[in-house]
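Take a look at the structure set out below.
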Amino acid sequence: MNIHQMQERIRELKKEKNVCILAHAYQSGDIIEAADFTGDSFGLARKAEKSECGTVIMCGVRFMAETVKILSPQKRVLMPRGEAGCPMADQIDPQMLRQLKEMYPDHAVVCYVNTSAEVKTLSDVCVTSSSAVDIIRKMDAEKILFIPDCNLGDYVRKQIPEKTFKLISGGCPTHARLTVKDIEKARAAHPGAPVLVHPECQPAVVEAADFAGSTTEVMDYAAKSSAKSFIIGTENSIAAHLGLQFPEKLFFPLSKDCVCHNMKITTLPDLLHCLEGVDGEEIVLDDDTVKSARRCIDEMLRLG
């Protein structure tokens with residue numbers, strides 16, 4: 001079976017079984033072509049919430065599938081590869097967060113969406129990389145405990161100097177690999193190409209770039225810009241996807257090492273096997289966890 005035949009079989013099965021397939025933008029192109037929706041993690045969860053399908057397959061990592069389940073508890077949520085996790089989300093657990101809340105009792109807890117369902121149950125507000133500045137600016141709280149990404153936290157803090165932030169030592173190891181030296185080399189190799197990075201990158205990298213934004217914002221910037229070439233400082237699949245979407249433009253990864261191995265562990269055959277029911281893992285959350293985790297997400301939606 002070749003790629004095209006496998007994609008066709010996936011399309012047949014998802015229609016037959018009333019399944020909605022979500023693919024995060026860091027997934028491979030063959031999976032994205034077979035999916036119903038692609039994009040950032042929270043945007044995908046909202047798409048699933050509005051879908052009439054009774055089953056949702058998340059091609060991404062665990063916290064993303066959990067977010068889908070939180071927003072759509074009545075639906076069956078599956079992952080093709082249950083071991084696809086997020087190193088950033090694993091950097092903080094409920095016990096650690098409880099200790100932090102005891103240390104900073106006068107701080108409101110703002111959790112990045114890249115956290116587990118259990119951590120969300122102990123948080124006041126959830127944010128995405130694109131909404132964090134707007135949401136935190138609208139909060140009544142003046143003191144913010146931002147978890148777990150100190151790089152995104154620093155990016156937000158610099159734009160809201162009137163508030164006090166406590167950051168912890170956490171972040172995305174994939175984006176943390178990018179350096180200012182990488183930017184210098186890329187600019188020398190591709191003169192005039194704007195450098196677009198994710199705010200999960202180190203502060204010095206964000207400062208040296210021409211634009212910082214979420215995956216969707218980076219892609220939108222490239223789509224709307226009149227520039228003909230771009231240096232992409234986020235997971236390398238984005239440069240590849242943009243190259244397919246806009247073949248008249250050139251897209252260069254900031255570093256060949258900006259690869260998320262957890263995202264790449266899911267393959268097209270894994271998706272097929274999940275649909276066939278011979279492999280994959282169902283995400284199960286108890287009612288109390290869903291209800292408690294939903295509160296910080298609802299607060300994000302209320303604020304912005």
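Residue numbering restarts at 1 in every chain; chains get A, B, ... in the order shown in the structure tokens, and ligands count up from 1 in that same order.
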
Identify all residues of segment 67-229 of chain A in strand (DSSP E or B) (DSSP on the backbone) and supply them as a PyMOL selection string. chain A and resi 76-79+108-112+125-127+143-147+164-167+195-197+211-212+229

Give me every helix (DSSP H, G or I) residue in segment 18-81 of chain A, going by DSSP on the backbone, as a compact mmCIF listing (two decimals) with N, CA and C atoms, in the first residue's frame.
# COMPACT_ATOMS: atom_id res chain seq x y z
N GLY A 29 3.47 15.85 6.52
CA GLY A 29 2.53 16.24 5.48
C GLY A 29 1.53 15.17 5.10
N ASP A 30 1.94 13.90 5.11
CA ASP A 30 1.02 12.84 4.71
C ASP A 30 -0.12 12.69 5.71
N ILE A 31 0.15 12.94 6.99
CA ILE A 31 -0.91 12.90 8.00
C ILE A 31 -1.82 14.11 7.87
N ILE A 32 -1.23 15.28 7.68
CA ILE A 32 -2.02 16.51 7.54
C ILE A 32 -2.98 16.41 6.36
N GLU A 33 -2.55 15.80 5.27
CA GLU A 33 -3.42 15.66 4.10
C GLU A 33 -4.62 14.76 4.38
N ALA A 34 -4.47 13.83 5.31
CA ALA A 34 -5.56 12.91 5.63
C ALA A 34 -6.46 13.41 6.76
N SER A 41 -2.70 23.59 18.92
CA SER A 41 -3.37 22.60 19.78
C SER A 41 -4.74 23.05 20.26
N PHE A 42 -4.87 24.27 20.79
CA PHE A 42 -6.16 24.68 21.33
C PHE A 42 -7.18 24.91 20.23
N GLY A 43 -6.73 25.46 19.12
CA GLY A 43 -7.64 25.65 17.99
C GLY A 43 -8.22 24.33 17.51
N LEU A 44 -7.41 23.28 17.54
CA LEU A 44 -7.88 21.96 17.14
C LEU A 44 -8.92 21.44 18.13
N ALA A 45 -8.69 21.65 19.42
CA ALA A 45 -9.64 21.20 20.43
C ALA A 45 -10.99 21.88 20.25
N ARG A 46 -10.97 23.16 19.87
CA ARG A 46 -12.23 23.87 19.61
C ARG A 46 -12.93 23.32 18.38
N LYS A 47 -12.16 22.94 17.36
CA LYS A 47 -12.74 22.34 16.17
C LYS A 47 -13.43 21.02 16.52
N ALA A 48 -12.77 20.22 17.35
CA ALA A 48 -13.34 18.94 17.76
C ALA A 48 -14.61 19.14 18.57
N GLU A 49 -14.61 20.17 19.40
CA GLU A 49 -15.78 20.47 20.22
C GLU A 49 -17.01 20.75 19.35
N LYS A 50 -16.80 21.40 18.22
CA LYS A 50 -17.91 21.77 17.34
C LYS A 50 -18.26 20.66 16.35
N ARG A 62 0.23 14.14 24.09
CA ARG A 62 -0.79 13.80 25.07
C ARG A 62 -1.58 14.99 25.60
N PHE A 63 -0.92 16.10 25.95
CA PHE A 63 -1.69 17.21 26.53
C PHE A 63 -2.72 17.72 25.55
N MET A 64 -2.43 17.61 24.25
CA MET A 64 -3.39 18.06 23.23
C MET A 64 -4.63 17.17 23.22
N ALA A 65 -4.41 15.87 23.31
CA ALA A 65 -5.53 14.93 23.36
C ALA A 65 -6.35 15.13 24.64
N GLU A 66 -5.66 15.43 25.75
CA GLU A 66 -6.37 15.70 27.00
C GLU A 66 -7.22 16.96 26.88
N THR A 67 -6.71 17.98 26.21
CA THR A 67 -7.47 19.21 26.03
C THR A 67 -8.73 18.95 25.21
N VAL A 68 -8.61 18.10 24.20
CA VAL A 68 -9.78 17.71 23.41
C VAL A 68 -10.82 17.04 24.32
N LYS A 69 -10.36 16.14 25.18
CA LYS A 69 -11.27 15.43 26.09
C LYS A 69 -11.92 16.38 27.09
N ILE A 70 -11.17 17.36 27.56
CA ILE A 70 -11.72 18.34 28.51
C ILE A 70 -12.85 19.13 27.87
N LEU A 71 -12.67 19.52 26.62
CA LEU A 71 -13.68 20.31 25.92
C LEU A 71 -14.82 19.45 25.37

Within 7 Å of segment 78-91 of chain A: each segment 168-247 of chain A residue with its shortest pair, only C-alpha atoms, as a Markdown table:
| residue | atom | partner | partner_atom | distance |
| --- | --- | --- | --- | --- |
| A:Gly170 | CA | A:Gln91 | CA | 6.3 |
| A:Gly171 | CA | A:Met88 | CA | 5.3 |
| A:Cys172 | CA | A:Met88 | CA | 5.2 |

With N, CA and C atoms retained, could you export that selection as a CSV table (one decimal), in the first residue's frame?
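Below is the file that was written, selection_28.csv:
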chain,number,residue,atom,x,y,z
A,170,GLY,N,11.5,26.1,33.2
A,170,GLY,CA,10.9,25.1,32.3
A,170,GLY,C,10.8,25.6,30.9
A,171,GLY,N,10.5,24.7,30.0
A,171,GLY,CA,10.4,25.2,28.6
A,171,GLY,C,10.5,24.1,27.6
A,172,CYS,N,10.4,24.4,26.4
A,172,CYS,CA,10.4,23.5,25.3
A,172,CYS,C,11.9,23.2,24.8

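Proximity to Lys264 of chain A at 8 Å, evaluated using only C-alpha atoms and with sequence-adjacent residues fewer than 6 positions away removed, yields Tyr26, Gln27 and Ser28 of chain A.
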
Excluding same-chain residues fewer than 5 positions from Tyr221 of chain A, what lies within 12 Å of it counting only C-alpha atoms, as a ChimeraX atom specification? /A:194-197,210-216,226-227,229-232,242

Generate the output file for the selected residues, C-alpha atoms, as a PDB file, in the first residue's frame.
ATOM      1  CA  PRO A 194      13.028  37.897   7.842  1.00  0.00           C
ATOM      2  CA  VAL A 195      13.556  35.616  10.831  1.00  0.00           C
ATOM      3  CA  LEU A 196      10.299  34.323  12.302  1.00  0.00           C
ATOM      4  CA  VAL A 197      10.482  32.522  15.671  1.00  0.00           C
ATOM      5  CA  ASP A 210      12.168  40.007  13.158  1.00  0.00           C
ATOM      6  CA  PHE A 211       8.919  38.463  14.399  1.00  0.00           C
ATOM      7  CA  ALA A 212       7.825  36.202  17.256  1.00  0.00           C
ATOM      8  CA  GLY A 213       4.488  34.429  17.389  1.00  0.00           C
ATOM      9  CA  SER A 214       2.617  31.173  17.690  1.00  0.00           C
ATOM     10  CA  THR A 215       2.856  28.554  14.963  1.00  0.00           C
ATOM     11  CA  THR A 216      -0.300  29.906  13.331  1.00  0.00           C
ATOM     12  CA  SER A 226       5.587  40.444   0.411  1.00  0.00           C
ATOM     13  CA  ALA A 227       9.011  38.961   1.190  1.00  0.00           C
ATOM     14  CA  SER A 229      12.196  34.167   1.445  1.00  0.00           C
ATOM     15  CA  PHE A 230      11.924  33.463   5.180  1.00  0.00           C
ATOM     16  CA  ILE A 231      13.957  31.909   7.979  1.00  0.00           C
ATOM     17  CA  ILE A 232      11.645  29.803  10.156  1.00  0.00           C
ATOM     18  CA  LEU A 242       4.915  26.590   4.066  1.00  0.00           C
TER      19      LEU A 242
END

What is the distance between atom CA of Glu282 of chain A and atom CA of Val56 of chain A, in Å to one decimal?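 Atom CA of Val56 of chain A lies at a distance of 9.8 Å from atom CA of Glu282 of chain A.
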